[in-house]
file coords_21.pdb (PDB, C-alpha atoms)
ATOM      1  CA  MET A1459       0.000   0.000   0.000  1.00  0.00           C
ATOM      2  CA  PHE A1460       2.730   2.458   0.978  1.00  0.00           C
ATOM      3  CA  TRP A1461       4.752   1.427  -2.064  1.00  0.00           C
ATOM      4  CA  ALA A1462       1.871   2.309  -4.415  1.00  0.00           C
ATOM      5  CA  LEU A1463       1.315   5.634  -2.661  1.00  0.00           C
ATOM      6  CA  GLY A1464       5.040   6.377  -2.936  1.00  0.00           C
ATOM      7  CA  CYS A1465       4.957   5.699  -6.682  1.00  0.00           C
ATOM      8  CA  ILE A1466       2.014   8.044  -7.138  1.00  0.00           C
ATOM      9  CA  VAL A1467       3.720  10.790  -5.132  1.00  0.00           C
ATOM     10  CA  ALA A1468       6.937  10.307  -7.129  1.00  0.00           C
ATOM     11  CA  PHE A1469       5.032  10.498 -10.423  1.00  0.00           C
ATOM     12  CA  ILE A1470       3.276  13.704  -9.371  1.00  0.00           C
ATOM     13  CA  ALA A1471       6.584  15.201  -8.203  1.00  0.00           C
ATOM     14  CA  VAL A1472       8.229  14.434 -11.536  1.00  0.00           C
ATOM     15  CA  TRP A1473       5.199  15.897 -13.327  1.00  0.00           C
ATOM     16  CA  ILE A1474       5.339  19.129 -11.335  1.00  0.00           C
ATOM     17  CA  PHE A1475       9.089  19.698 -11.011  1.00  0.00           C
ATOM     18  CA  THR A1476      10.313  18.652 -14.463  1.00  0.00           C
ATOM     19  CA  ALA A1477      11.027  21.802 -16.445  1.00  0.00           C
ATOM     20  CA  ASP A1478      10.691  20.140 -19.846  1.00  0.00           C
ATOM     21  CA  LYS A1479       7.621  17.928 -19.670  1.00  0.00           C
ATOM     22  CA  ASN A1480       8.760  16.092 -22.825  1.00  0.00           C
ATOM     23  CA  THR A1481      11.818  14.678 -21.045  1.00  0.00           C
ATOM     24  CA  TYR A1482       9.971  11.470 -20.174  1.00  0.00           C
ATOM     25  CA  ALA A1483       8.016   9.666 -22.895  1.00  0.00           C
ATOM     26  CA  GLY A1484       5.239   8.576 -20.542  1.00  0.00           C
ATOM     27  CA  ILE A1485       4.652  12.082 -19.243  1.00  0.00           C
ATOM     28  CA  SER A1486       4.823  13.513 -22.752  1.00  0.00           C
ATOM     29  CA  ALA A1487       2.288  10.949 -23.981  1.00  0.00           C
ATOM     30  CA  LEU A1488      -0.044  11.683 -21.062  1.00  0.00           C
ATOM     31  CA  ARG A1489       0.180  15.416 -21.772  1.00  0.00           C
ATOM     32  CA  SER A1490      -0.663  14.809 -25.431  1.00  0.00           C
ATOM     33  CA  LEU A1491      -3.684  12.750 -24.423  1.00  0.00           C
ATOM     34  CA  VAL A1492      -4.905  15.337 -21.916  1.00  0.00           C
ATOM     35  CA  LYS A1493      -4.393  18.263 -24.308  1.00  0.00           C
ATOM     36  CA  GLY A1494      -6.185  16.406 -27.126  1.00  0.00           C
ATOM     37  CA  GLU A1495      -3.174  16.429 -29.471  1.00  0.00           C
ATOM     38  CA  ALA A1496      -3.104  12.640 -29.666  1.00  0.00           C
ATOM     39  CA  ALA A1497      -6.747  12.406 -30.785  1.00  0.00           C
ATOM     40  CA  VAL A1498      -6.273  15.062 -33.487  1.00  0.00           C
ATOM     41  CA  PHE A1499      -3.070  13.389 -34.693  1.00  0.00           C
ATOM     42  CA  TYR A1500      -4.835  10.004 -34.847  1.00  0.00           C
ATOM     43  CA  GLU A1501      -7.755  11.385 -36.884  1.00  0.00           C
ATOM     44  CA  GLU A1502      -5.399  13.052 -39.354  1.00  0.00           C
ATOM     45  CA  GLU A1503      -3.318   9.892 -39.688  1.00  0.00           C
ATOM     46  CA  MET A1504      -6.460   7.848 -40.390  1.00  0.00           C
ATOM     47  CA  GLU A1505      -7.440  10.332 -43.128  1.00  0.00           C
ATOM     48  CA  ARG A1506      -3.984   9.892 -44.645  1.00  0.00           C
ATOM     49  CA  TYR A1507      -4.223   6.114 -44.366  1.00  0.00           C
ATOM     50  CA  GLU A1508      -7.508   6.123 -46.278  1.00  0.00           C
ATOM     51  CA  MET A1509      -5.795   7.961 -49.136  1.00  0.00           C
ATOM     52  CA  TYR A1510      -2.764   5.661 -48.988  1.00  0.00           C
ATOM     53  CA  THR A1511      -4.934   2.562 -49.272  1.00  0.00           C
ATOM     54  CA  ASP A1512      -7.399   3.940 -51.862  1.00  0.00           C
ATOM     55  CA  GLU A1513      -6.481   2.110 -55.062  1.00  0.00           C
ATOM     56  CA  GLU A1514      -8.014   4.841 -57.240  1.00  0.00           C
ATOM     57  CA  ILE A1515      -5.672   7.560 -55.908  1.00  0.00           C
ATOM     58  CA  LYS A1516      -2.245   7.234 -57.527  1.00  0.00           C
ATOM     59  CA  ASP A1517      -0.719  10.596 -56.503  1.00  0.00           C
ATOM     60  CA  VAL A1518      -1.372  11.322 -52.837  1.00  0.00           C
ATOM     61  CA  VAL A1519      -1.105  14.841 -51.428  1.00  0.00           C
ATOM     62  CA  VAL A1520      -1.556  15.146 -47.658  1.00  0.00           C
ATOM     63  CA  ALA A1521      -1.946  18.186 -45.441  1.00  0.00           C
ATOM     64  CA  THR A1522       0.465  19.135 -42.679  1.00  0.00           C
ATOM     65  CA  HIS A1523      -0.553  17.819 -39.262  1.00  0.00           C
ATOM     66  CA  SER A1524      -2.341  20.446 -37.213  1.00  0.00           C
ATOM     67  CA  ALA A1525      -1.271  18.714 -33.992  1.00  0.00           C
ATOM     68  CA  ARG A1526       2.014  16.897 -33.602  1.00  0.00           C
ATOM     69  CA  PRO A1527       2.510  15.200 -30.215  1.00  0.00           C
ATOM     70  CA  TYR A1528       6.133  15.290 -29.115  1.00  0.00           C
ATOM     71  CA  VAL A1529       6.203  11.500 -28.734  1.00  0.00           C
ATOM     72  CA  PHE A1530       5.383  11.163 -32.457  1.00  0.00           C
ATOM     73  CA  ASP A1531       7.652  13.981 -33.544  1.00  0.00           C
ATOM     74  CA  SER A1532       9.639  11.990 -36.035  1.00  0.00           C
ATOM     75  CA  ARG A1533      10.124  12.584 -39.709  1.00  0.00           C
ATOM     76  CA  ASP A1534       6.968  13.178 -41.668  1.00  0.00           C
ATOM     77  CA  VAL A1535       6.156  13.014 -45.337  1.00  0.00           C
ATOM     78  CA  SER A1536       7.989  15.833 -47.116  1.00  0.00           C
ATOM     79  CA  TRP A1537       6.849  18.368 -49.701  1.00  0.00           C
ATOM     80  CA  ASP A1538       9.669  17.018 -51.869  1.00  0.00           C
ATOM     81  CA  VAL A1539       8.332  14.103 -53.942  1.00  0.00           C
ATOM     82  CA  ASP A1540      11.851  12.686 -54.277  1.00  0.00           C
ATOM     83  CA  HIS A1541      12.539  12.606 -50.520  1.00  0.00           C
ATOM     84  CA  TRP A1542      13.451   9.083 -49.413  1.00  0.00           C
ATOM     85  CA  ILE A1543      10.498   8.827 -47.002  1.00  0.00           C
ATOM     86  CA  ASN A1544       8.040   9.812 -49.731  1.00  0.00           C
ATOM     87  CA  VAL A1545       9.596   7.427 -52.243  1.00  0.00           C
ATOM     88  CA  THR A1546       9.601   4.545 -49.763  1.00  0.00           C
ATOM     89  CA  MET A1547       5.979   5.128 -48.776  1.00  0.00           C
ATOM     90  CA  ALA A1548       4.910   5.442 -52.410  1.00  0.00           C
ATOM     91  CA  HIS A1549       6.511   2.069 -53.166  1.00  0.00           C
ATOM     92  CA  TYR A1550       4.953   0.474 -50.099  1.00  0.00           C
ATOM     93  CA  TYR A1551       1.426   1.681 -50.906  1.00  0.00           C
ATOM     94  CA  HIS A1552       1.846   1.187 -54.701  1.00  0.00           C
ATOM     95  CA  LYS A1553       1.457   4.887 -55.519  1.00  0.00           C
ATOM     96  CA  ASN A1554       3.085   7.043 -58.187  1.00  0.00           C
ATOM     97  CA  SER A1555       3.929   9.691 -55.599  1.00  0.00           C
ATOM     98  CA  ILE A1556       3.230  10.852 -52.068  1.00  0.00           C
ATOM     99  CA  MET A1557       3.867  14.388 -50.875  1.00  0.00           C
ATOM    100  CA  ARG A1558       2.789  16.904 -48.251  1.00  0.00           C
ATOM    101  CA  LEU A1559       1.438  20.358 -48.974  1.00  0.00           C
ATOM    102  CA  ILE A1560       3.918  23.143 -48.314  1.00  0.00           C
ATOM    103  CA  ASP A1561       3.170  24.815 -44.988  1.00  0.00           C
ATOM    104  CA  VAL A1562       3.209  28.572 -45.715  1.00  0.00           C
ATOM    105  CA  ASP A1563       3.207  29.462 -41.987  1.00  0.00           C
ATOM    106  CA  SER A1564       6.701  28.111 -41.332  1.00  0.00           C
TER     107      SER A1564
END
call {"tool": "encode", "arguments": {"input": "coords_21.pdb", "output": "structure tokens"}}
result
Amino acid sequence: MFWALGCIVAFIAVWIFTADKNTYAGISALRSLVKGEAAVFYEEEMERYEMYTDEEIKDVVVATHSARPYVFDSRDVSWDVDHWINVTMAHYYHKNSIMRLIDVDS
């Protein structure tokens, strides 16, 4: 009982006193869930997946993610059709090309 209470107190202390909340993957993931970023990211990824798996679409153009949880902040599809990620994904999904719209805000 005291061990479980100690773990909870330690978790709360780390949550409160950690300057960069993305230091720990678990805390970062929890923050993304609480803030709703994870749900938005999931919905946008499912929209992309539908285009990737639609056999009628041969040239896929996806929008930039509006929410990008830190835990999933890895490389994304590029605006450059010849980028290795785009080429690899196009081959995997049997597409002519895959690219992302250019984000004019950045």
call {"tool": "closest_residue", "arguments": {"input": "coords_21.pdb", "among": "A:Pro1527, A:Ala1496, A:Ala1521, A:Glu1501", "to": "Met1557 in chain A", "atoms": "all atoms listed in the file"}}
result
A:Ala1521
call {"tool": "closest_residue", "arguments": {"input": "coords_21.pdb", "among": "A:Ser1486, A:Glu1508, A:Phe1460, A:Trp1537", "to": "Ser1555 in chain A", "atoms": "all atoms listed in the file"}}
result
A:Trp1537
call {"tool": "closest_residue", "arguments": {"input": "coords_21.pdb", "among": "A:Tyr1510, A:Tyr1551, A:Trp1542, A:Phe1469", "to": "Leu1488 in chain A", "atoms": "all atoms listed in the file"}}
result
A:Phe1469
call {"tool": "closest_residue", "arguments": {"input": "coords_21.pdb", "among": "A:Arg1506, A:His1523, A:Lys1516, A:Arg1489", "to": "Ile1560 in chain A", "atoms": "all atoms listed in the file"}}
result
A:His1523
call {"tool": "atom_distance", "arguments": {"input": "coords_21.pdb", "atom1": "CA of Ile1485 in chain A", "atom2": "CA of Met1459 in chain A"}}
result
23.2 Å
call {"tool": "closest_residue", "arguments": {"input": "coords_21.pdb", "among": "A:Glu1503, A:Ala1471, A:Asp1517, A:Leu1491", "to": "His1549 in chain A", "atoms": "all atoms listed in the file"}}
result
A:Asp1517
